[in-house]
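Q: Dropping in protein-v3.cif, with mmCIF, C-alpha atoms and all ligand atoms.
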data_input
#
loop_
_atom_site.label_atom_id
_atom_site.label_comp_id
_atom_site.auth_asym_id
_atom_site.auth_seq_id
_atom_site.Cartn_x
_atom_site.Cartn_y
_atom_site.Cartn_z
CA MET I 1 123.79 91.55 81.57
CA ARG I 2 124.63 92.10 85.24
CA GLY I 3 122.18 92.99 87.94
CA LEU I 4 121.50 92.92 91.64
CA ILE I 5 119.22 89.98 92.39
CA LEU I 6 117.36 89.17 95.57
CA ASP I 7 116.76 85.55 96.50
CA GLU I 8 114.84 84.21 99.46
CA ALA I 9 116.45 81.45 101.51
CA ASP I 10 115.21 80.15 104.88
CA GLY I 11 112.91 83.17 105.24
CA ARG I 12 115.79 85.61 104.67
CA VAL I 13 116.32 87.88 101.67
CA VAL I 14 119.85 87.67 100.23
CA ALA I 15 121.24 90.11 97.65
CA SER I 16 123.98 89.34 95.11
CA VAL I 17 125.27 90.92 91.90
CA ARG I 18 125.36 88.36 89.09
CA GLU I 19 124.61 87.66 85.41
CA ILE I 20 120.98 87.75 84.28
CA ALA I 21 119.71 86.29 80.99
CA GLY I 22 117.54 88.59 78.85
CA GLY I 23 114.77 85.97 78.90
CA GLU I 24 114.44 86.35 82.67
CA LEU I 25 113.18 89.96 82.35
CA PRO I 26 109.42 90.54 82.62
CA ALA I 27 107.49 90.24 79.33
CA LEU I 28 106.80 93.98 78.95
CA PRO I 29 106.97 95.92 75.67
CA VAL I 30 109.75 98.48 76.20
CA ARG I 31 113.33 97.25 76.59
CA VAL I 32 115.59 99.87 78.19
CA ARG I 33 119.37 99.99 78.66
CA VAL I 34 119.55 101.24 82.24
CA ILE I 35 122.17 103.93 82.92
CA TYR I 36 121.43 104.87 86.53
CA SER I 37 118.97 103.94 89.25
CA THR I 38 118.66 105.23 92.82
CA LEU I 39 118.42 103.95 96.36
CA ASN I 40 115.24 105.22 98.00
CA PHE I 41 113.87 104.35 101.45
CA LYS I 42 111.49 101.85 99.82
CA ASP I 43 114.37 100.23 97.88
CA ALA I 44 116.16 99.82 101.20
CA MET I 45 113.09 98.02 102.59
CA VAL I 46 112.92 95.78 99.50
CA VAL I 47 116.66 94.96 99.52
CA THR I 48 116.57 93.99 103.21
CA GLY I 49 113.21 92.16 102.97
CA LEU I 50 111.51 94.58 105.38
CA GLY I 51 107.72 94.93 105.19
CA ARG I 52 107.24 92.02 102.73
CA ILE I 53 106.85 94.45 99.82
CA VAL I 54 108.08 91.81 97.33
CA ARG I 55 106.01 88.66 97.00
CA SER I 56 107.98 86.67 94.44
CA TYR I 57 111.70 85.82 94.18
CA PRO I 58 114.18 85.97 92.49
CA HIS I 59 113.64 89.71 92.19
CA VAL I 60 115.50 92.71 90.76
CA PRO I 61 114.79 95.82 92.89
CA GLY I 62 115.06 99.48 91.86
CA VAL I 63 111.93 101.67 91.85
CA ASP I 64 113.61 104.27 89.61
CA LEU I 65 115.58 104.14 86.39
CA VAL I 66 116.88 106.36 83.66
CA GLY I 67 118.04 104.82 80.41
CA GLU I 68 117.96 104.54 76.66
CA VAL I 69 115.18 102.74 74.81
CA LEU I 70 116.55 99.72 72.91
CA GLU I 71 113.24 98.52 71.46
CA ASP I 72 109.53 99.13 71.97
CA GLU I 73 107.08 96.49 70.78
CA SER I 74 104.21 98.96 71.38
CA GLY I 75 105.63 101.60 69.02
CA SER I 76 105.30 104.43 71.56
CA CYS I 77 109.04 105.08 71.94
CA LYS I 78 111.93 105.13 69.48
CA PRO I 79 115.25 103.37 70.00
CA GLY I 80 117.64 105.93 71.46
CA ASP I 81 114.97 107.87 73.41
CA LEU I 82 116.20 108.81 76.89
CA VAL I 83 113.49 107.93 79.39
CA VAL I 84 112.75 108.00 83.10
CA VAL I 85 110.57 105.51 84.97
CA THR I 86 109.67 105.88 88.65
CA GLY I 87 107.06 104.04 90.68
CA PHE I 88 104.11 102.14 89.18
CA ARG I 89 105.36 99.34 91.50
CA MET I 90 108.39 98.74 89.26
CA GLY I 91 111.06 97.21 91.48
CA GLU I 92 108.30 95.87 93.75
CA ALA I 93 105.71 93.91 91.73
CA THR I 94 107.90 93.72 88.59
CA TRP I 95 111.67 93.75 88.15
CA GLY I 96 113.22 97.20 88.43
CA GLY I 97 116.22 99.36 87.69
CA TYR I 98 119.10 97.44 89.35
CA ALA I 99 120.07 95.55 86.17
CA GLU I 100 121.74 96.67 82.96
CA GLU I 101 118.46 96.11 81.09
CA ALA I 102 114.84 96.49 82.18
CA ARG I 103 111.48 95.88 80.53
CA VAL I 104 108.70 98.36 81.32
CA LYS I 105 105.25 99.44 80.14
CA PRO I 106 105.11 102.44 77.78
CA GLU I 107 102.55 104.17 80.01
CA TRP I 108 105.09 104.30 82.85
CA ILE I 109 107.57 106.35 80.83
CA VAL I 110 108.27 110.08 80.96
CA PRO I 111 110.91 111.57 78.67
CA LEU I 112 114.08 112.79 80.38
CA ALA I 113 113.26 116.45 81.09
CA ASP I 114 115.11 119.10 79.08
CA GLY I 115 118.05 120.46 81.02
CA LEU I 116 118.62 117.33 83.13
CA SER I 117 121.39 114.77 82.63
CA ALA I 118 120.66 111.09 83.26
CA ARG I 119 122.60 111.29 86.53
CA GLN I 120 120.74 114.41 87.66
CA ALA I 121 117.41 112.74 86.94
CA MET I 122 118.32 109.96 89.33
CA ALA I 123 119.77 112.39 91.88
CA ILE I 124 116.15 113.58 91.95
CA GLY I 125 114.41 110.20 91.50
CA THR I 126 111.29 109.18 93.38
CA ALA I 127 112.36 111.21 96.42
CA GLY I 128 112.58 114.46 94.45
CA LEU I 129 109.44 113.75 92.46
CA THR I 130 107.60 113.19 95.74
CA ALA I 131 108.92 116.43 97.22
CA MET I 132 107.72 118.32 94.12
CA LEU I 133 104.28 116.65 94.14
CA ALA I 134 104.03 117.63 97.82
CA LEU I 135 104.93 121.25 97.13
CA HIS I 136 102.45 121.38 94.25
CA SER I 137 99.71 120.06 96.55
CA ILE I 138 100.50 122.86 99.02
CA THR I 139 100.68 125.75 96.53
CA ASP I 140 97.72 124.46 94.46
CA ALA I 141 95.67 124.61 97.68
CA GLY I 142 96.42 128.32 97.95
CA VAL I 143 99.24 128.38 100.50
CA ALA I 144 101.74 131.02 99.42
CA PRO I 145 105.10 132.20 100.77
CA GLY I 146 104.79 134.62 103.70
CA GLU I 147 106.38 135.16 107.05
CA THR I 148 105.36 131.82 108.57
CA PRO I 149 107.76 129.12 107.39
CA LEU I 150 107.04 125.89 105.57
CA LEU I 151 108.24 122.95 107.71
CA VAL I 152 110.18 119.99 106.28
CA THR I 153 110.63 116.93 108.53
CA GLY I 154 113.29 114.27 107.94
CA ALA I 155 115.03 117.19 106.30
CA SER I 156 118.46 115.65 105.75
CA GLY I 157 116.99 112.62 103.95
CA GLY I 158 116.31 112.28 100.23
CA VAL I 159 112.77 113.69 100.15
CA GLY I 160 113.63 116.24 102.83
CA SER I 161 116.78 117.63 101.17
CA ILE I 162 115.00 118.27 97.88
CA ALA I 163 111.91 119.59 99.68
CA VAL I 164 114.04 122.19 101.51
CA ALA I 165 115.72 123.26 98.27
CA ILE I 166 112.58 123.60 96.14
CA ALA I 167 110.47 125.25 98.86
CA HIS I 168 113.26 127.81 99.30
CA ALA I 169 113.48 128.27 95.51
CA ARG I 170 109.71 128.91 95.43
CA GLY I 171 110.11 131.72 97.96
CA PHE I 172 109.07 130.01 101.20
CA ALA I 173 110.92 130.58 104.45
CA VAL I 174 111.89 127.02 105.40
CA ALA I 175 112.06 125.41 108.84
CA ALA I 176 113.98 122.12 108.62
CA SER I 177 113.64 119.44 111.27
CA THR I 178 116.55 117.03 111.58
CA GLY I 179 117.98 114.58 114.08
CA LYS I 180 121.50 115.11 112.78
CA SER I 181 123.30 117.89 114.65
CA ASN I 182 126.18 117.73 112.13
CA GLU I 183 123.93 118.55 109.15
CA HIS I 184 122.72 122.02 110.15
CA GLU I 185 125.14 123.77 107.80
CA TYR I 186 124.19 121.40 105.00
CA LEU I 187 120.50 122.25 105.45
CA ARG I 188 121.25 125.96 105.55
CA SER I 189 123.19 125.58 102.29
CA LEU I 190 120.03 124.12 100.72
CA GLY I 191 117.96 127.11 101.85
CA ALA I 192 116.75 126.35 105.38
CA ASN I 193 116.24 129.52 107.44
CA GLU I 194 115.64 127.72 110.74
CA ILE I 195 116.69 124.31 112.09
CA ILE I 196 114.47 122.45 114.56
CA ASP I 197 115.81 119.45 116.45
CA ARG I 198 113.93 116.28 115.64
CA SER I 199 113.41 115.60 119.38
CA GLU I 200 110.82 118.43 119.47
CA PHE I 201 108.54 116.21 117.37
CA SER I 202 109.04 112.92 119.14
CA GLU I 203 106.48 113.56 121.88
CA SER I 204 102.71 113.97 121.60
CA PRO I 205 101.46 117.56 121.40
CA SER I 206 100.83 119.12 124.81
CA LYS I 207 97.57 120.70 123.53
CA PRO I 208 95.36 120.05 120.47
CA LEU I 209 96.21 123.54 119.22
CA GLU I 210 99.79 124.54 119.84
CA PRO I 211 101.12 127.94 118.70
CA ALA I 212 100.84 128.15 114.89
CA ARG I 213 104.44 127.89 113.72
CA TRP I 214 104.25 126.81 110.07
CA CYS I 215 101.99 127.64 107.13
CA ALA I 216 102.49 124.19 105.58
CA ALA I 217 104.60 121.07 105.99
CA ILE I 218 106.25 118.42 103.85
CA GLU I 219 106.16 115.64 106.41
CA ALA I 220 108.38 112.59 105.74
CA VAL I 221 108.54 111.03 109.19
CA GLY I 222 104.96 109.99 110.11
CA GLY I 223 103.93 108.59 113.51
CA ALA I 224 104.04 110.97 116.50
CA THR I 225 105.79 113.60 114.37
CA LEU I 226 102.72 114.01 112.18
CA ALA I 227 100.50 114.54 115.25
CA LYS I 228 102.86 117.23 116.50
CA VAL I 229 103.00 118.90 113.09
CA ILE I 230 99.19 119.01 112.85
CA SER I 231 98.89 120.80 116.19
CA GLY I 232 101.38 123.51 115.15
CA THR I 233 100.05 124.26 111.67
CA ALA I 234 98.59 127.72 111.02
CA ALA I 235 95.00 128.44 109.88
CA ASN I 236 94.21 127.02 106.43
CA GLY I 237 97.62 125.36 106.35
CA VAL I 238 98.33 122.19 104.36
CA ILE I 239 100.38 119.23 105.52
CA ALA I 240 101.63 117.04 102.68
CA SER I 241 102.03 113.63 104.33
CA VAL I 242 104.70 111.83 102.31
CA GLY I 243 106.41 109.35 104.59
CA ASN I 244 106.62 107.03 107.55
CA ALA I 245 110.35 106.91 108.36
CA SER I 246 109.50 106.65 112.06
CA GLY I 247 106.20 104.76 111.91
CA ASN I 248 102.64 104.52 110.64
CA GLU I 249 100.34 105.14 113.58
CA PHE I 250 99.53 108.50 115.10
CA CYS I 251 97.05 109.84 117.61
CA ALA I 252 95.84 113.41 117.08
CA SER I 253 92.97 115.76 117.86
CA VAL I 254 90.45 116.82 115.20
CA LEU I 255 90.47 120.39 116.57
CA PRO I 256 93.14 121.74 114.17
CA PHE I 257 90.86 120.63 111.28
CA LEU I 258 87.73 122.13 112.82
CA LEU I 259 89.10 125.32 114.35
CA ARG I 260 91.94 126.17 111.97
CA GLY I 261 90.86 124.54 108.71
CA VAL I 262 94.12 122.57 108.61
CA ARG I 263 94.23 120.06 105.76
CA ILE I 264 96.27 116.87 105.31
CA HIS I 265 97.09 115.84 101.74
CA GLY I 266 98.32 112.30 101.14
CA ILE I 267 101.03 112.14 98.48
CA ASP I 268 101.36 108.97 96.38
CA SER I 269 104.22 109.23 93.91
CA VAL I 270 103.81 105.60 92.79
CA GLN I 271 100.47 106.08 91.02
CA ALA I 272 100.77 109.81 90.21
CA SER I 273 99.35 110.63 86.78
CA LEU I 274 101.67 111.24 83.84
CA GLY I 275 100.45 114.85 83.71
CA ALA I 276 101.39 115.43 87.36
CA ARG I 277 104.77 113.76 86.75
CA ARG I 278 105.62 115.85 83.68
CA ARG I 279 104.70 119.04 85.51
CA ALA I 280 106.82 117.98 88.48
CA TRP I 281 109.86 117.03 86.35
CA ASP I 282 109.65 120.31 84.42
CA ASP I 283 109.54 122.32 87.64
CA LEU I 284 112.32 120.27 89.24
CA SER I 285 114.61 120.87 86.27
CA GLU I 286 113.93 124.60 86.59
CA LEU I 287 114.10 124.94 90.38
CA LEU I 288 117.12 122.78 91.22
CA ASP I 289 120.48 124.37 90.67
CA ALA I 290 122.98 121.84 89.22
CA ARG I 291 125.67 122.51 91.84
CA LEU I 292 123.19 122.28 94.68
CA LEU I 293 121.84 118.98 93.32
CA GLU I 294 125.38 117.61 93.11
CA SER I 295 126.00 118.65 96.73
CA ILE I 296 123.19 116.37 97.96
CA THR I 297 124.21 113.40 95.77
CA ASP I 298 126.51 110.44 96.33
CA GLU I 299 127.07 107.72 93.76
CA ILE I 300 127.40 104.02 94.56
CA GLY I 301 127.78 100.83 92.51
CA LEU I 302 125.35 97.90 92.54
CA ASP I 303 127.60 95.93 94.90
CA GLU I 304 127.41 98.75 97.47
CA VAL I 305 123.59 98.75 97.56
CA PRO I 306 123.07 96.24 100.44
CA ASP I 307 125.29 98.16 102.89
CA ALA I 308 123.79 101.50 101.86
CA ALA I 309 120.27 100.08 102.30
CA ALA I 310 121.03 99.25 105.93
CA ARG I 311 122.38 102.79 106.45
CA ILE I 312 119.20 104.36 105.00
CA LEU I 313 116.97 102.30 107.28
CA ALA I 314 119.07 103.43 110.26
CA GLY I 315 118.43 107.06 109.24
CA GLY I 316 122.13 107.49 108.48
CA VAL I 317 122.13 108.69 104.85
CA ARG I 318 122.26 112.34 103.88
CA GLY I 319 120.56 113.43 100.65
CA ARG I 320 120.36 111.13 97.66
CA LEU I 321 122.13 107.98 96.54
CA VAL I 322 122.45 107.44 92.79
CA VAL I 323 123.15 103.83 91.76
CA ARG I 324 125.50 103.39 88.79
CA VAL I 325 124.10 100.52 86.74
CA ALA I 326 125.66 100.74 83.23
CA GLY I 327 129.00 98.93 83.30
CA SER I 328 128.58 97.92 86.96
N1 LIG I 401 104.53 108.96 99.43
C1 LIG I 401 105.41 108.63 98.51
O1 LIG I 401 105.10 108.47 97.33
C2 LIG I 401 106.84 108.49 98.94
C3 LIG I 401 107.89 108.61 98.03
C4 LIG I 401 109.21 108.58 98.50
C5 LIG I 401 109.47 108.35 99.84
N2 LIG I 401 108.41 108.16 100.69
C6 LIG I 401 108.63 107.98 102.13
O2 LIG I 401 109.17 109.17 102.65
C7 LIG I 401 110.03 108.87 103.75
C8 LIG I 401 111.38 109.51 103.50
O3 LIG I 401 111.97 108.92 102.35
P1 LIG I 401 113.47 109.29 101.97
O4 LIG I 401 113.76 108.65 100.68
O5 LIG I 401 113.69 110.71 102.15
O6 LIG I 401 114.24 108.48 103.12
P2 LIG I 401 115.62 108.87 103.80
O7 LIG I 401 116.55 109.45 102.81
O8 LIG I 401 116.06 107.67 104.57
O9 LIG I 401 115.22 110.05 104.81
C9 LIG I 401 114.40 109.83 105.93
C10 LIG I 401 114.81 110.84 107.00
O10 LIG I 401 113.86 110.78 108.06
C11 LIG I 401 114.52 111.02 109.29
N3 LIG I 401 114.32 109.83 110.14
C12 LIG I 401 114.74 108.58 109.93
N4 LIG I 401 114.35 107.77 110.92
C13 LIG I 401 113.66 108.53 111.77
C14 LIG I 401 113.01 108.28 113.00
N5 LIG I 401 112.98 107.06 113.56
N6 LIG I 401 112.37 109.30 113.60
C15 LIG I 401 112.38 110.51 113.05
N7 LIG I 401 113.01 110.82 111.89
C16 LIG I 401 113.63 109.83 111.26
C17 LIG I 401 115.99 111.23 108.98
O11 LIG I 401 116.18 112.62 108.76
P3 LIG I 401 116.82 113.61 109.86
O12 LIG I 401 118.00 112.88 110.45
O13 LIG I 401 117.20 114.82 109.08
O14 LIG I 401 115.77 113.85 110.89
C18 LIG I 401 116.14 110.52 107.66
O15 LIG I 401 117.25 110.98 106.94
C19 LIG I 401 110.06 107.35 103.85
O16 LIG I 401 109.13 106.94 104.81
C20 LIG I 401 109.64 106.89 102.47
O17 LIG I 401 109.05 105.62 102.48
C21 LIG I 401 107.12 108.23 100.26
#
Once you've parsed the file, please lay out its structure as structure tokens.

A:
Amino acid sequence: MRGLILDEADGRVVASVREIAGGELPALPVRVRVIYSTLNFKDAMVVTGLGRIVRSYPHVPGVDLVGEVLEDESGSCKPGDLVVVTGFRMGEATWGGYAEEARVKPEWIVPLADGLSARQAMAIGTAGLTAMLALHSITDAGVAPGETPLLVTGASGGVGSIAVAIAHARGFAVAASTGKSNEHEYLRSLGANEIIDRSEFSESPSKPLEPARWCAAIEAVGGATLAKVISGTAANGVIASVGNASGNEFCASVLPFLLRGVRIHGIDSVQASLGARRRAWDDLSELLDARLLESITDEIGLDEVPDAAARILAGGVRGRLVVRVAGS
């Protein structure tokens, strides 16, 4: 089978597409014929060796996969079942979806949701699952659509694009923050009512409590942006903190928590429970229109992954990248 393999040489991580023997796969019970994978921000970090996420080489990346079960030594799945695996540190601590076959644990598997094709499932992938988990955390906490918009940061990215679309589909007015002046129309086509230039979030808040501009936020950027978002969140608002595209550290006042009851929810899609995943996949298949999903999706082959990874890390990719694995 063919796959994209990472090797480490002289402290550098080098990617190449080459033949892999079945015996090289991890000794896990479920053998899957991979059809598609995706390229997420974390995959881009893994492929370029950023952040030392992978500890052992050679390594096959790919934190997401959709495919057909070939055999299951545990007896949980039947050959022919179409399955989705995202997270659980697949593609980080074990080999992932960038090879024509993968071996996974049965407890990582969710069935491909009714109404989704294999390609659509990967157009959603970890990014879409994360956006849905974030929206669930906001609505489960009692924040409902009203006049004050829900803010999405990093809006033209993978998490952001799906967050805009599903928040709009759930009835929220959506404010989308982007650094890409050429993607305003794109974001409006997904359901954004208002576009905010990313530069508004790059500086520290002028006051601990700025005017309350959003009822909730799906925040993919981290760093100073998160501090700014906290200061502008309305009373009893919820910020779903999903990402760190611009950095990890932030400096903020506690006053929005004490005087407005603002809450921050951390979203971890990697270890999300199977129940939370099934609920999210069911809602995603219902909320995402097929044509809209296609409009945010580009498809690449395994050999195009290294270049695309560099583009993601430079903030230059719009929407989602599906990776064609079968027959690559
Ligand atoms: N918590 C979880 O389980 C989970 C799951 C998936 C992803 N994530 C994280 O969520 C974040 C977004 O992931 P993604 O897949 O959507 O990545 P992505 O497709 O690369 O999107 C990130 C977006 O953030 C904005 N951005 C990039 N660099 C920036 C910078 N220096 N300052 C401000 N904005 C910047 C850009 O959007 P604009 O140009 O539109 O501003 C970019 O398109 C990443 O940090 C990723 O690690 C977390």

Q: So which residues fall inside 8 Å of (126.2, 94.3, 84.4) if we count all atoms listed in the file? Mind giving them as JSON, numbers by chain?

A: {"I": [1, 2, 3, 18, 19, 99, 100, 325, 326, 327, 328]}

Q: Put the listed atoms of ligand LIG 401 (chain I) in a box along x, y and z with 4 Å added on every side and give me the centre and edge lengths in Å to one decimal, as JSON.

A:
{"center_x": 111.3, "center_y": 110.2, "center_z": 105.5, "size_x": 21.5, "size_y": 17.2, "size_z": 24.3}

Q: For CA of Phe41 (chain I) and CA of Asp307 (chain I), quote the distance in Å rounded to one decimal.

A: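 Spanning CA of Phe41 (chain I) to CA of Asp307 (chain I) is a straight-line distance of 13.1 Å.
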
Q: Would you mind listing what lies within 10 Å of Asp298 (chain I) as a compact mmCIF listing (two decimals) with C-alpha atoms, in the frame of the given file, with only C-alpha atoms counted and same-chain residues fewer than 6 positions away left out?

A:
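Full text of selection_2.txt as output:
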# COMPACT_ATOMS: atom_id res chain seq x y z
CA ALA I 123 119.77 112.39 91.88
CA VAL I 317 122.13 108.69 104.85
CA ARG I 318 122.26 112.34 103.88
CA GLY I 319 120.56 113.43 100.65
CA ARG I 320 120.36 111.13 97.66
CA LEU I 321 122.13 107.98 96.54
CA VAL I 322 122.45 107.44 92.79
CA VAL I 323 123.15 103.83 91.76

Q: At what distance in Å, to one decimal, does CA of Ala245 (chain I) lie from CA of Gly179 (chain I)?

A: 12.2 Å

Q: Which residue out of I:Leu133, I:Met90, I:Ala212, I:Ala102 has the minimum interatomic distance to ligand LIG 401 (chain I) when only C-alpha atoms and all ligand atoms are used?

A: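 Closest to ligand LIG 401 (chain I) of all the choices is I:Leu133.
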
Q: Which residue gives the smallest distance to ligand LIG 401 (chain I) among I:Asp7, I:Glu24, I:Asp282, I:Glu219, with all atoms listed in the file counted?

A: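 Closest to ligand LIG 401 (chain I), using all atoms listed in the file: I:Glu219.
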
Q: List the spatial neighbours of region 156-165 of chain I as a list in words - criterion: any atom at most 6 Å away, all atoms listed in the file, same-chain residues fewer than 2 positions off excluded.

A: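 Neighbouring residues, sequence-local ones excluded: Ala127, Gly128, Ala131, Gly154, Ala167, His168, Leu190, Gly191, Arg318, Gly319 and Arg320 of chain I.
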
Q: For a quick check of understanding, using all atoms listed in the file, which of I:Gly222, I:Pro256, I:Pro58, I:Gly115 has the smallest distance to ligand LIG 401 (chain I)?

A: I:Gly222

Q: Please determine, counting all atoms listed in the file, which residue among I:Glu299, I:Glu286, I:Asp64, I:Glu294 has the shortest atom-to-atom distance to Gln120 (chain I).

A: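 For Gln120 (chain I), the nearest of the candidates is I:Glu294.
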
Q: May I ask for the distance between CA of His184 (chain I) and CA of Met45 (chain I), given in Å to one decimal place?

A: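 Straight-line distance from CA of His184 (chain I) to CA of Met45 (chain I) works out to 26.9 Å.
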
Q: For Phe257 (chain I), which residue out of I:Leu4, I:Arg33, I:Asn236, I:Ser285 is the nearest one, using all atoms listed in the file?

A: I:Asn236

Q: Write out as a PyMOL selection string which residues come within 8 Å of Gly223 (chain I) when counting all atoms listed in the file, dropping same-chain ones fewer than 5 positions away.

A: chain I and resi 244+246-250

Q: Kindly indicate which residue among I:Asn182, I:Ser56, I:Thr94, I:Ser177 lies nearest to ligand LIG 401 (chain I), using all atoms listed in the file for the distances.

A: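 Among I:Asn182, I:Ser56, I:Thr94, I:Ser177, it is I:Ser177 that comes nearest to ligand LIG 401 (chain I).
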
Q: Would you mind listing what lies within 10 Å of Phe201 (chain I) as a list in words, with all atoms listed in the file counted and same-chain residues fewer than 2 positions away left out?

A: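 The residues satisfying every condition are Thr153, Ser177, Thr178, Ile196, Asp197, Arg198, Ser199, Glu203, Ser204, Pro205, Val221, Gly223, Ala224, Thr225, Leu226, Ala227, Lys228 and Val229 of chain I.
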
Q: Deliver the residues from the most recent selection as a file, using C-alpha atoms, as a short mmCIF file (atom, residue, chain, number, x, y, z; two decimals), keeping the file's coordinate frame.

A:
data_model
loop_
_atom_site.label_atom_id
_atom_site.label_comp_id
_atom_site.auth_asym_id
_atom_site.auth_seq_id
_atom_site.Cartn_x
_atom_site.Cartn_y
_atom_site.Cartn_z
CA THR I 153 110.63 116.93 108.53
CA SER I 177 113.64 119.44 111.27
CA THR I 178 116.55 117.03 111.58
CA ILE I 196 114.47 122.45 114.56
CA ASP I 197 115.81 119.45 116.45
CA ARG I 198 113.93 116.28 115.64
CA SER I 199 113.41 115.60 119.38
CA GLU I 203 106.48 113.56 121.88
CA SER I 204 102.71 113.97 121.60
CA PRO I 205 101.46 117.56 121.40
CA VAL I 221 108.54 111.03 109.19
CA GLY I 223 103.93 108.59 113.51
CA ALA I 224 104.04 110.97 116.50
CA THR I 225 105.79 113.60 114.37
CA LEU I 226 102.72 114.01 112.18
CA ALA I 227 100.50 114.54 115.25
CA LYS I 228 102.86 117.23 116.50
CA VAL I 229 103.00 118.90 113.09
#

Q: Env of Ile5 (chain I): 8 Å cut, atoms = all atoms listed in the file, seq-sep filter 5 positions within chain, self excluded. Answer as a list in words.

A: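 The neighbour list is Ala15, Ser16, Val17, Arg18, Pro58, His59, Val60 and Pro61 of chain I.
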